[in-house]
$ cat upload-v1.cif   # mmCIF, C-alpha atoms and all ligand atoms
data_final
#
loop_
_atom_site.label_atom_id
_atom_site.label_comp_id
_atom_site.auth_asym_id
_atom_site.auth_seq_id
_atom_site.Cartn_x
_atom_site.Cartn_y
_atom_site.Cartn_z
CA MET A 17 -13.39 26.60 -33.98
CA ILE A 18 -9.81 27.55 -34.95
CA TYR A 19 -7.79 29.64 -32.55
CA PRO A 20 -4.14 30.10 -31.58
CA LEU A 21 -2.91 27.76 -28.88
CA PRO A 22 -0.66 28.79 -26.01
CA MET A 23 2.81 27.25 -26.23
CA ALA A 24 4.34 25.80 -23.09
CA ALA A 25 7.70 24.81 -24.64
CA PRO A 26 9.07 24.28 -28.19
CA ASP A 27 6.55 22.16 -30.21
CA THR A 28 4.50 21.85 -27.01
CA TYR A 29 0.98 23.25 -26.83
CA LEU A 30 -1.48 23.64 -23.99
CA VAL A 31 -4.73 22.04 -25.11
CA GLY A 32 -6.36 21.75 -21.67
CA ALA A 33 -9.09 24.02 -20.39
CA SER A 34 -10.15 26.02 -17.36
CA ASP A 35 -13.33 25.48 -15.40
CA ARG A 36 -14.84 28.56 -13.74
CA ARG A 37 -18.21 26.95 -13.05
CA LEU A 38 -17.23 24.13 -10.69
CA ALA A 39 -17.99 25.16 -7.10
CA ARG A 40 -15.95 22.52 -5.27
CA PHE A 41 -12.94 20.53 -6.45
CA GLU A 42 -13.46 16.83 -5.67
CA ASN A 43 -16.92 18.05 -4.60
CA LEU A 44 -15.16 19.11 -1.41
CA PHE A 45 -12.81 22.10 -1.71
CA PRO A 46 -14.27 25.50 -2.65
CA ILE A 47 -12.57 26.95 -5.73
CA PRO A 48 -13.85 30.52 -6.15
CA ARG A 49 -11.01 31.17 -8.61
CA GLY A 50 -11.84 28.03 -10.62
CA VAL A 51 -9.36 25.38 -11.70
CA SER A 52 -7.53 24.40 -14.87
CA TYR A 53 -7.14 20.89 -16.23
CA ASN A 54 -3.92 21.08 -18.19
CA SER A 55 -3.33 18.78 -21.10
CA TYR A 56 -0.32 19.21 -23.37
CA LEU A 57 0.34 18.19 -26.94
CA ILE A 58 3.77 17.66 -28.50
CA LEU A 59 3.81 17.98 -32.27
CA ASP A 60 6.87 16.07 -33.41
CA GLU A 61 7.40 13.49 -36.16
CA GLN A 62 4.84 11.63 -34.10
CA THR A 63 2.17 13.35 -32.02
CA VAL A 64 1.89 12.89 -28.26
CA LEU A 65 -0.88 14.00 -25.93
CA LEU A 66 -0.01 14.25 -22.24
CA ASP A 67 -3.18 13.63 -20.21
CA THR A 68 -6.74 14.71 -20.96
CA VAL A 69 -9.21 16.75 -18.89
CA ASP A 70 -12.26 16.53 -16.67
CA ASN A 71 -15.53 15.79 -18.49
CA ALA A 72 -16.73 19.33 -17.80
CA ALA A 73 -13.93 20.71 -19.97
CA ALA A 74 -14.03 18.03 -22.68
CA PRO A 75 -15.76 20.04 -25.46
CA ASP A 76 -13.22 22.87 -25.21
CA PHE A 77 -10.37 20.36 -24.96
CA PHE A 78 -11.37 18.45 -28.09
CA ASP A 79 -11.79 21.71 -30.03
CA ARG A 80 -8.27 22.73 -29.12
CA LEU A 81 -6.81 19.30 -29.76
CA GLU A 82 -8.34 19.00 -33.23
CA CYS A 83 -7.24 22.53 -34.03
CA ALA A 84 -3.67 21.76 -32.95
CA LEU A 85 -3.48 18.46 -34.80
CA ASP A 86 -4.79 20.15 -37.93
CA GLY A 87 -5.73 16.85 -39.56
CA ARG A 88 -2.79 14.79 -38.26
CA THR A 89 -3.50 11.65 -36.32
CA LEU A 90 -2.76 11.22 -32.64
CA ASP A 91 -0.06 8.61 -32.15
CA TYR A 92 0.34 8.49 -28.37
CA ALA A 93 -1.54 9.56 -25.25
CA ILE A 94 0.42 9.45 -22.02
CA VAL A 95 -1.62 8.87 -18.89
CA HIS A 96 0.31 10.28 -15.95
CA HIS A 97 -2.52 10.04 -13.44
CA MET A 98 -5.84 8.21 -13.49
CA GLU A 99 -7.89 10.62 -11.37
CA PRO A 100 -10.90 11.61 -13.50
CA ASP A 101 -9.97 15.30 -13.55
CA HIS A 102 -7.27 14.18 -16.00
CA CYS A 103 -8.49 11.00 -17.64
CA ALA A 104 -12.29 11.38 -17.93
CA ALA A 105 -12.02 12.23 -21.62
CA LEU A 106 -9.89 9.17 -22.47
CA ALA A 107 -12.73 6.98 -23.77
CA ASP A 108 -13.93 9.72 -26.10
CA LEU A 109 -10.32 10.35 -27.15
CA VAL A 110 -9.93 6.72 -28.23
CA ARG A 111 -13.23 6.82 -30.11
CA ARG A 112 -11.93 9.82 -32.08
CA TRP A 113 -8.40 8.45 -32.65
CA PRO A 114 -8.87 4.66 -32.45
CA ASN A 115 -5.25 3.87 -33.27
CA VAL A 116 -3.77 5.95 -30.47
CA GLN A 117 -1.46 4.03 -28.16
CA LEU A 118 -1.94 4.75 -24.45
CA ILE A 119 1.20 4.84 -22.33
CA CYS A 120 1.05 4.48 -18.56
CA THR A 121 2.27 2.47 -15.59
CA ALA A 122 1.03 -1.07 -14.95
CA LYS A 123 -0.99 0.23 -12.00
CA ALA A 124 -2.66 2.81 -14.24
CA LYS A 125 -3.50 0.09 -16.76
CA GLN A 126 -5.29 -1.80 -14.01
CA MET A 127 -7.21 1.37 -13.10
CA LEU A 128 -8.11 1.94 -16.75
CA GLY A 129 -9.85 -1.41 -16.68
CA HIS A 130 -11.74 -0.35 -13.56
CA PHE A 131 -12.74 3.15 -14.67
CA PHE A 132 -13.67 2.27 -18.25
CA CYS A 133 -15.61 -0.77 -19.44
CA THR A 134 -14.67 -0.14 -23.06
CA GLY A 135 -11.50 -2.19 -23.28
CA LEU A 136 -9.20 0.85 -23.17
CA ASP A 137 -6.68 -1.20 -21.26
CA GLN A 138 -6.25 -3.32 -24.43
CA GLN A 139 -4.37 -0.58 -26.25
CA VAL A 140 -1.97 0.24 -23.50
CA ARG A 141 1.80 0.06 -23.48
CA THR A 142 2.95 -0.06 -19.89
CA VAL A 143 6.23 1.59 -18.98
CA ASN A 144 8.58 1.34 -16.03
CA GLU A 145 10.91 3.77 -14.36
CA GLY A 146 13.54 5.02 -16.80
CA GLU A 147 11.88 3.84 -20.01
CA THR A 148 11.73 6.33 -22.86
CA LEU A 149 9.63 7.25 -25.88
CA CYS A 150 11.36 8.93 -28.82
CA THR A 151 9.04 10.72 -31.21
CA GLY A 152 11.62 12.36 -33.49
CA ARG A 153 13.33 15.36 -31.90
CA HIS A 154 11.75 14.77 -28.50
CA THR A 155 12.49 11.95 -26.09
CA LEU A 156 10.24 11.48 -23.10
CA HIS A 157 11.75 9.80 -20.04
CA PHE A 158 9.26 8.22 -17.66
CA VAL A 159 9.76 8.68 -13.92
CA THR A 160 7.44 6.92 -11.51
CA ALA A 161 5.96 9.03 -8.70
CA PRO A 162 3.73 6.71 -6.66
CA MET A 163 1.42 8.49 -4.19
CA VAL A 164 1.94 11.92 -5.69
CA HIS A 165 -1.13 11.79 -5.44
CA TRP A 166 -2.30 8.25 -6.29
CA PRO A 167 -0.27 5.03 -6.56
CA GLU A 168 -0.22 4.81 -10.36
CA VAL A 169 1.29 8.26 -10.94
CA MET A 170 4.30 8.90 -13.13
CA VAL A 171 5.81 12.08 -14.54
CA SER A 172 7.64 12.61 -17.84
CA TYR A 173 10.79 14.53 -18.66
CA ASP A 174 11.32 15.74 -22.24
CA SER A 175 15.08 15.86 -22.63
CA PHE A 176 14.80 17.88 -25.88
CA THR A 177 13.00 20.85 -24.30
CA LYS A 178 14.14 20.10 -20.71
CA THR A 179 10.50 20.10 -19.64
CA LEU A 180 9.08 18.18 -16.70
CA PHE A 181 5.44 17.15 -17.09
CA SER A 182 4.87 16.92 -13.36
CA ALA A 183 1.30 15.54 -12.99
CA ASP A 184 -0.36 16.94 -9.83
CA ALA A 185 2.98 18.09 -8.41
CA PHE A 186 3.46 21.88 -8.65
CA GLY A 187 -0.26 22.25 -9.37
CA THR A 188 -2.59 24.81 -7.89
CA PHE A 189 -6.25 25.72 -7.79
CA GLY A 190 -7.20 28.66 -10.01
CA ALA A 191 -8.41 28.95 -13.60
CA LEU A 192 -5.72 30.14 -15.99
CA ASP A 193 -5.56 33.85 -16.70
CA GLY A 194 -4.56 35.50 -19.95
CA SER A 195 -1.04 34.17 -19.64
CA ILE A 196 -0.26 30.55 -18.89
CA PHE A 197 3.16 31.38 -17.41
CA ALA A 198 3.71 31.91 -13.68
CA ASP A 199 6.32 34.61 -14.39
CA GLU A 200 3.68 36.72 -16.13
CA LEU A 201 1.27 36.52 -13.18
CA ASP A 202 1.33 37.94 -9.66
CA PHE A 203 1.89 34.40 -8.43
CA GLU A 204 3.18 35.24 -4.96
CA HIS A 205 0.21 37.40 -3.99
CA VAL A 206 -2.66 36.04 -6.07
CA TRP A 207 -1.79 32.37 -6.61
CA LEU A 208 0.39 31.25 -3.70
CA PRO A 209 -2.49 30.95 -1.18
CA ASP A 210 -4.33 28.64 -3.58
CA ALA A 211 -1.13 26.72 -4.40
CA ARG A 212 -0.55 26.17 -0.67
CA ARG A 213 -4.19 25.16 -0.13
CA TYR A 214 -4.03 22.78 -3.09
CA TYR A 215 -0.79 21.22 -1.84
CA THR A 216 -1.93 20.91 1.77
CA ASN A 217 -5.27 19.33 1.04
CA ILE A 218 -4.62 17.29 -2.09
CA VAL A 219 -1.01 16.17 -1.69
CA GLY A 220 -0.21 17.16 1.93
CA LYS A 221 -0.59 13.64 3.29
CA TYR A 222 2.04 12.37 0.87
CA GLY A 223 5.10 14.37 1.90
CA THR A 224 7.49 11.41 1.77
CA PRO A 225 6.57 10.50 -1.84
CA VAL A 226 6.86 14.18 -2.79
CA GLN A 227 10.34 14.27 -1.26
CA ALA A 228 11.24 11.17 -3.30
CA LEU A 229 10.04 12.89 -6.49
CA LEU A 230 11.95 16.08 -5.66
CA LYS A 231 15.09 13.98 -5.24
CA LYS A 232 14.61 12.36 -8.65
CA ALA A 233 13.83 15.75 -10.21
CA SER A 234 17.00 17.28 -8.74
CA ALA A 235 19.03 14.99 -10.99
CA LEU A 236 17.39 16.46 -14.12
CA ASP A 237 18.19 19.72 -15.90
CA ILE A 238 14.68 21.19 -15.77
CA GLN A 239 13.94 24.47 -17.52
CA THR A 240 10.15 24.24 -17.64
CA ILE A 241 7.60 22.60 -15.37
CA CYS A 242 4.20 21.78 -16.87
CA PRO A 243 1.82 20.73 -14.09
CA LEU A 244 -1.69 19.36 -14.53
CA HIS A 245 -3.25 22.36 -12.77
CA GLY A 246 -2.33 26.03 -12.86
CA PRO A 247 0.39 27.98 -14.63
CA VAL A 248 3.51 26.71 -16.38
CA TRP A 249 6.87 27.46 -14.73
CA ARG A 250 9.76 28.60 -16.94
CA LYS A 251 11.48 31.10 -14.58
CA ASP A 252 12.32 31.11 -10.87
CA LEU A 253 11.68 27.38 -10.65
CA GLY A 254 13.78 27.23 -7.48
CA TRP A 255 11.41 29.60 -5.68
CA PHE A 256 8.45 27.24 -6.16
CA ILE A 257 10.48 24.06 -5.68
CA GLU A 258 11.62 25.46 -2.31
CA LYS A 259 7.95 25.86 -1.30
CA TYR A 260 7.27 22.25 -2.27
CA ASP A 261 10.32 21.10 -0.36
CA ARG A 262 9.11 22.91 2.78
CA TRP A 263 5.50 21.85 2.46
CA SER A 264 6.40 18.21 1.88
CA ARG A 265 8.37 18.25 5.14
CA TRP A 266 5.56 20.15 6.91
CA GLN A 267 7.98 23.01 7.54
CA PRO A 268 6.27 26.38 8.14
CA GLU A 269 7.02 29.19 5.70
CA GLY A 270 8.53 31.23 8.53
CA THR A 271 7.87 32.23 12.12
CA HIS A 272 4.23 33.21 11.74
CA ALA A 273 1.30 33.06 14.19
CA ALA A 274 -2.45 32.80 13.65
CA VAL A 275 -5.44 32.49 15.95
CA PHE A 276 -8.28 30.07 15.22
CA TYR A 277 -11.42 30.36 17.30
CA ALA A 278 -14.83 28.73 17.60
CA SER A 279 -17.41 30.81 19.40
CA MET A 280 -21.16 30.37 19.88
CA TYR A 281 -22.02 33.76 21.41
CA GLY A 282 -18.92 35.87 20.87
CA ASN A 283 -17.21 35.45 24.24
CA THR A 284 -14.47 33.05 23.07
CA ALA A 285 -14.12 35.25 19.97
CA ALA A 286 -13.50 38.33 22.13
CA ALA A 287 -10.72 36.55 24.02
CA ALA A 288 -9.21 35.31 20.73
CA GLN A 289 -9.21 38.83 19.31
CA LEU A 290 -7.46 40.23 22.38
CA ILE A 291 -4.83 37.48 22.25
CA ALA A 292 -4.14 38.15 18.56
CA GLN A 293 -3.71 41.87 19.27
CA GLN A 294 -1.41 41.17 22.19
CA ILE A 295 0.77 38.75 20.19
CA SER A 296 0.97 41.20 17.29
CA ALA A 297 1.84 44.06 19.69
CA ARG A 298 5.00 42.19 20.57
CA GLY A 299 6.39 42.83 17.09
CA VAL A 300 6.10 39.37 15.59
CA GLY A 301 4.22 40.47 12.47
CA PRO A 302 0.59 40.12 11.43
CA VAL A 303 -1.52 37.64 13.38
CA PRO A 304 -4.56 36.63 11.30
CA VAL A 305 -7.70 35.64 13.22
CA HIS A 306 -9.92 32.91 11.74
CA ASP A 307 -13.46 32.04 12.80
CA ILE A 308 -13.44 28.31 12.14
CA SER A 309 -17.22 28.24 11.79
CA SER A 310 -17.15 30.51 8.75
CA THR A 311 -13.79 29.53 7.23
CA ASP A 312 -13.53 26.49 5.01
CA ILE A 313 -11.49 23.75 6.62
CA SER A 314 -9.14 23.68 3.60
CA GLU A 315 -8.22 27.32 4.31
CA LEU A 316 -7.50 26.44 7.93
CA THR A 317 -5.30 23.45 7.19
CA SER A 318 -3.45 25.58 4.64
CA GLU A 319 -2.93 28.29 7.27
CA VAL A 320 -1.46 25.68 9.61
CA MET A 321 0.94 24.78 6.80
CA ARG A 322 2.04 28.44 6.55
CA CYS A 323 2.36 29.17 10.29
CA SER A 324 4.71 28.02 13.01
CA HIS A 325 2.48 29.02 15.94
CA ILE A 326 -1.28 28.61 16.22
CA VAL A 327 -3.63 29.59 19.05
CA LEU A 328 -6.74 27.41 19.26
CA ALA A 329 -9.72 28.81 21.21
CA CYS A 330 -12.67 26.48 21.61
CA PRO A 331 -15.83 26.09 23.70
CA THR A 332 -16.63 22.82 25.39
CA TYR A 333 -19.64 21.34 23.58
CA ASN A 334 -21.64 18.32 24.72
CA GLY A 335 -18.76 17.68 27.11
CA SER A 336 -16.47 17.40 24.12
CA LEU A 337 -14.97 19.66 21.44
CA TYR A 338 -16.96 22.12 19.37
CA PRO A 339 -17.61 20.02 16.22
CA LYS A 340 -15.76 22.34 13.82
CA MET A 341 -12.65 22.16 16.01
CA ARG A 342 -12.92 18.38 16.24
CA ASP A 343 -13.15 18.22 12.43
CA LEU A 344 -10.15 20.50 11.99
CA LEU A 345 -7.93 18.51 14.35
CA SER A 346 -9.04 15.25 12.76
CA ASP A 347 -8.24 16.60 9.28
CA LEU A 348 -4.82 17.84 10.38
CA LYS A 349 -4.03 14.43 11.78
CA GLU A 350 -5.03 12.71 8.53
CA LEU A 351 -2.89 15.14 6.54
CA GLY A 352 0.14 14.31 8.67
CA ALA A 353 0.48 17.80 10.19
CA GLN A 354 3.48 18.01 12.46
CA GLY A 355 6.08 20.22 14.06
CA ARG A 356 3.93 23.18 15.14
CA THR A 357 3.65 25.11 18.41
CA TRP A 358 0.19 25.62 19.87
CA ALA A 359 -1.45 27.68 22.59
CA LEU A 360 -4.83 26.62 23.92
CA VAL A 361 -7.87 28.53 25.13
CA GLU A 362 -10.92 26.65 26.35
CA ASN A 363 -14.31 27.91 27.40
CA GLY A 364 -16.85 26.08 29.53
CA SER A 365 -19.68 27.63 31.52
CA TRP A 366 -19.82 24.75 33.97
CA ALA A 367 -17.37 21.95 33.00
CA PRO A 368 -14.56 23.15 30.66
CA ASN A 369 -12.95 20.19 28.92
CA ALA A 370 -11.85 21.45 25.49
CA ALA A 371 -8.19 22.12 26.33
CA ARG A 372 -7.62 18.58 27.56
CA LEU A 373 -9.19 17.17 24.40
CA MET A 374 -7.34 19.53 22.04
CA ARG A 375 -4.06 18.68 23.77
CA ALA A 376 -4.75 14.96 23.42
CA GLU A 377 -5.43 15.37 19.69
CA LEU A 378 -2.32 17.47 19.14
CA GLU A 379 -0.11 15.16 21.15
CA SER A 380 -1.27 12.24 19.01
CA MET A 381 0.45 13.98 16.05
CA LYS A 382 4.21 14.21 15.45
CA ASP A 383 6.42 16.84 17.12
CA MET A 384 3.64 19.11 18.37
CA THR A 385 4.42 21.46 21.26
CA VAL A 386 1.68 22.84 23.53
CA LEU A 387 2.67 26.00 25.38
CA GLU A 388 1.81 26.89 28.94
CA PRO A 389 -0.24 28.51 30.34
CA VAL A 390 -3.50 27.14 29.00
CA LEU A 391 -6.27 29.71 29.37
CA THR A 392 -9.61 28.54 30.80
CA LEU A 393 -12.63 30.80 30.42
CA HIS A 394 -15.76 30.34 32.46
CA SER A 395 -18.21 31.87 29.97
CA THR A 396 -16.18 35.08 29.47
CA LEU A 397 -12.65 36.39 29.88
CA GLN A 398 -12.76 37.85 33.35
CA ASN A 399 -9.13 38.83 33.72
CA PRO A 400 -7.36 40.27 30.62
CA ALA A 401 -4.02 39.54 32.31
CA ASP A 402 -4.68 35.85 31.67
CA ALA A 403 -4.94 36.47 27.93
CA ILE A 404 -1.85 38.67 28.03
CA ALA A 405 0.12 35.91 29.76
CA LEU A 406 -0.83 33.50 26.97
CA ALA A 407 0.12 36.07 24.32
CA ASP A 408 3.47 36.57 26.07
CA ALA A 409 4.14 32.84 25.96
CA VAL A 410 3.41 32.69 22.21
CA ALA A 411 5.54 35.76 21.38
CA GLU A 412 8.41 34.48 23.55
CA SER A 413 8.29 31.14 21.79
CA MET A 414 8.43 32.92 18.43
CA ASN A 415 11.45 34.98 19.47
CA PRO A 416 13.27 32.80 21.95
FE1 LIG B 501 -5.48 16.62 -10.39
FE2 LIG B 501 -4.96 13.91 -8.32
O1 LIG B 501 -5.72 14.85 -9.74
#

$ encode --input "upload-v1.cif" --output "structure tokens" --more "lines below"
Ligand code: FEO
Amino acid sequence: MIYPLPMAAPDTYLVGASDRRLARFENLFPIPRGVSYNSYLILDEQTVLLDTVDNAAAPDFFDRLECALDGRTLDYAIVHHMEPDHCAALADLVRRWPNVQLICTAKAKQMLGHFFCTGLDQQVRTVNEGETLCTGRHTLHFVTAPMVHWPEVMVSYDSFTKTLFSADAFGTFGALDGSIFADELDFEHVWLPDARRYYTNIVGKYGTPVQALLKKASALDIQTICPLHGPVWRKDLGWFIEKYDRWSRWQPEGTHAAVFYASMYGNTAAAAQLIAQQISARGVGPVPVHDISSTDISELTSEVMRCSHIVLACPTYNGSLYPKMRDLLSDLKELGAQGRTWALVENGSWAPNAARLMRAELESMKDMTVLEPVLTLHSTLQNPADAIALADAVAESMNP
């Protein structure tokens, strides 16, 4: 099939593909808006492919790649990241263009040997920080980015087009729309929630490595960012880089509150609803309420990334935490969540214990503040003034 290819930068074509059929990314995170696996091709005196795609998108990818090459051979394939959503098609690529030279870090070469039993690692040129590849007009500068998101990761900077090929950094869930450029989409309203959820859950644990990459990137004159997932950035780069800077330091996006509740029979939910209304009534902006039983945990962790203040309301269950709350707190701890202010509501018909356990989990993380008073329900909220006092404490903390 021959069709026009979207251009990401001069001589640079998007040959990746979107997947709207996959239900869960990494078989874990729901992606109702799909996901794109971006692969780019530079057509210079020599031809360079930057990453491949997931197996699910391979037929579309190879169609586009052959169309773009238009009979030319493929000279180089750069492997920025060995996770199979970007390198699954490598073996097939080498079968089709057997003389292609693979370029990657030494760590990636080792992983190539582990992922593929076909001797792919034999046609690798390993590169170190600062090495370059000149293909004619374009020169690619290799910048290592270990743990953004795996240890073998590197990114490339094309000094001819001032384009950063950023691997998973600046990626987002979401299949690509008609345009591949963020400035032609309603990114802030349609894409930002998925970008935040992608960052929090895929890269969120690795804030320090992301900060290191941002520091290296700040020394480059970048006009275009080509990530491995989601749209290409060619305008307002600072707006998105600022989000990454905040997220990688676990800084909230502003003074925002949300209420998360678990509730078996609706009584804890009723208290949570009243608290959200009372906080909101104090003029601090919208206060979303999330039922943690029906909200995917990746949405909840992402909401913690956005907010400065979170109310947790939880029944005592088997003398411990309601399992969904236990899972959420455990996930937050693994992701390195820090620096948030919490208010706690526990429910227990005969032996309430959830607040003590939630506090212990939160205090095992960095820079977490638990407000007083803690609200204890014995089956139901008997005195609305107790909920109002908790709402007052949250609103006061938001507007000290
Ligand atoms: Fe998109 Fe870490 O792979």

$ residues_near_ligand --input "upload-v1.cif" --ligand "ligand LIG 501 (chain B)" --cutoff "6 Å" --atoms "all atoms listed in the file" --output "list in words"
Glu99, Asp101, His165 and Asp184 of chain A

$ residues_around --input "upload-v1.cif" --residues "Ala122 of chain A" --least-positions-apart "4" --cutoff "9 Å" --atoms "only C-alpha atoms" --output "PyMOL selection string"
chain A and resi 126-127+141-144+168

$ closest_residue --input "upload-v1.cif" --among "A:Lys221, A:Arg36, A:His205, A:Arg250" --to "Leu180 of chain A" --atoms "all atoms listed in the file"
A:Arg250

$ residues_around --input "upload-v1.cif" --residues "Thr155 of chain A" --least-positions-apart "4" --cutoff "6 Å" --atoms "all atoms listed in the file" --output "PDB file with C-alpha atoms, keeping the file's coordinate frame"
ATOM      1  CA  LEU A 149       9.630   7.250 -25.880  1.00  0.00           C
ATOM      2  CA  CYS A 150      11.360   8.930 -28.820  1.00  0.00           C
ATOM      3  CA  ASP A 174      11.320  15.740 -22.240  1.00  0.00           C
ATOM      4  CA  SER A 175      15.080  15.860 -22.630  1.00  0.00           C
TER       5      SER A 175
END

$ closest_atom_pairs --input "upload-v1.cif" --of "segment 22-79 of chain A" --to "segment 235-243 of chain A" --cutoff "9 Å" --atoms "all atoms listed in the file" --output "tab-separated table"
residue	atom	partner	partner_atom	distance
A:Ala24	CA	A:Cys242	CA	7.4
A:Ala25	CA	A:Thr240	CA	7.4
A:Asn54	CA	A:Pro243	CA	7.1
A:Ser55	CA	A:Pro243	CA	8.9
A:Tyr56	CA	A:Cys242	CA	8.3

$ closest_residue --input "upload-v1.cif" --among "A:Leu397, A:Ser318, A:Trp263, A:Val410" --to "Val300 of chain A" --atoms "only C-alpha atoms"
A:Val410

$ residues_around --input "upload-v1.cif" --residues "Leu128 of chain A" --least-positions-apart "4" --cutoff "10 Å" --atoms "all atoms listed in the file" --output "PyMOL selection string"
chain A and resi 95+98+103+106-107+120+122-124+132-138+140

$ closest_residue --input "upload-v1.cif" --among "A:Ala359, A:Ile58, A:Leu229, A:Leu65" --to "Thr177 of chain A" --atoms "all atoms listed in the file"
A:Ile58

$ closest_residue --input "upload-v1.cif" --among "A:Gly50, A:Pro209, A:Gly187, A:Pro22" --to "Glu315 of chain A" --atoms "only C-alpha atoms"
A:Pro209

$ closest_residue --input "upload-v1.cif" --among "A:Thr148, A:Ser52, A:Gln227, A:Thr89" --to "Pro162 of chain A" --atoms "only C-alpha atoms"
A:Gln227

$ closest_residue --input "upload-v1.cif" --among "A:Gln62, A:Thr151, A:Gln289, A:Asn71" --to "Ala33 of chain A" --atoms "only C-alpha atoms"
A:Asn71

$ residues_near_point --input "upload-v1.cif" --point "(-5.4, 18.7, 19.8)" --cutoff "12 Å" --atoms "only C-alpha atoms" --output "ChimeraX atom specification"
/A:326-330,336-337,341-349,353-354,356-362,369-382,384-386

$ axis_aligned_box --input "upload-v1.cif" --around "segment 364-378 of chain A" --padding-each-side "6 Å" --output "JSON"
{"center_x": -11.1, "center_y": 21.3, "center_z": 26.6, "size_x": 29.5, "size_y": 24.7, "size_z": 26.8}

$ atom_distance --input "upload-v1.cif" --atom1 "atom CA of Leu253 of chain A" --atom2 "atom CA of Gln267 of chain A"
19.1 Å

$ residues_around --input "upload-v1.cif" --residues "Thr311 of chain A" --least-positions-apart "6" --cutoff "12 Å" --atoms "all atoms listed in the file" --output "PyMOL selection string"
chain A and resi 45-46+276-278+305+317-319+340-341+344

$ residues_around --input "upload-v1.cif" --residues "Tyr173 of chain A" --least-positions-apart "6" --cutoff "8 Å" --atoms "only C-alpha atoms" --output "PyMOL selection string"
chain A and resi 156-159+179-181

$ atom_distance --input "upload-v1.cif" --atom1 "atom CA of Val248 of chain A" --atom2 "atom CA of Leu316 of chain A"
26.7 Å

$ atom_distance --input "upload-v1.cif" --atom1 "atom CA of Tyr281 of chain A" --atom2 "atom CA of Thr392 of chain A"
16.4 Å
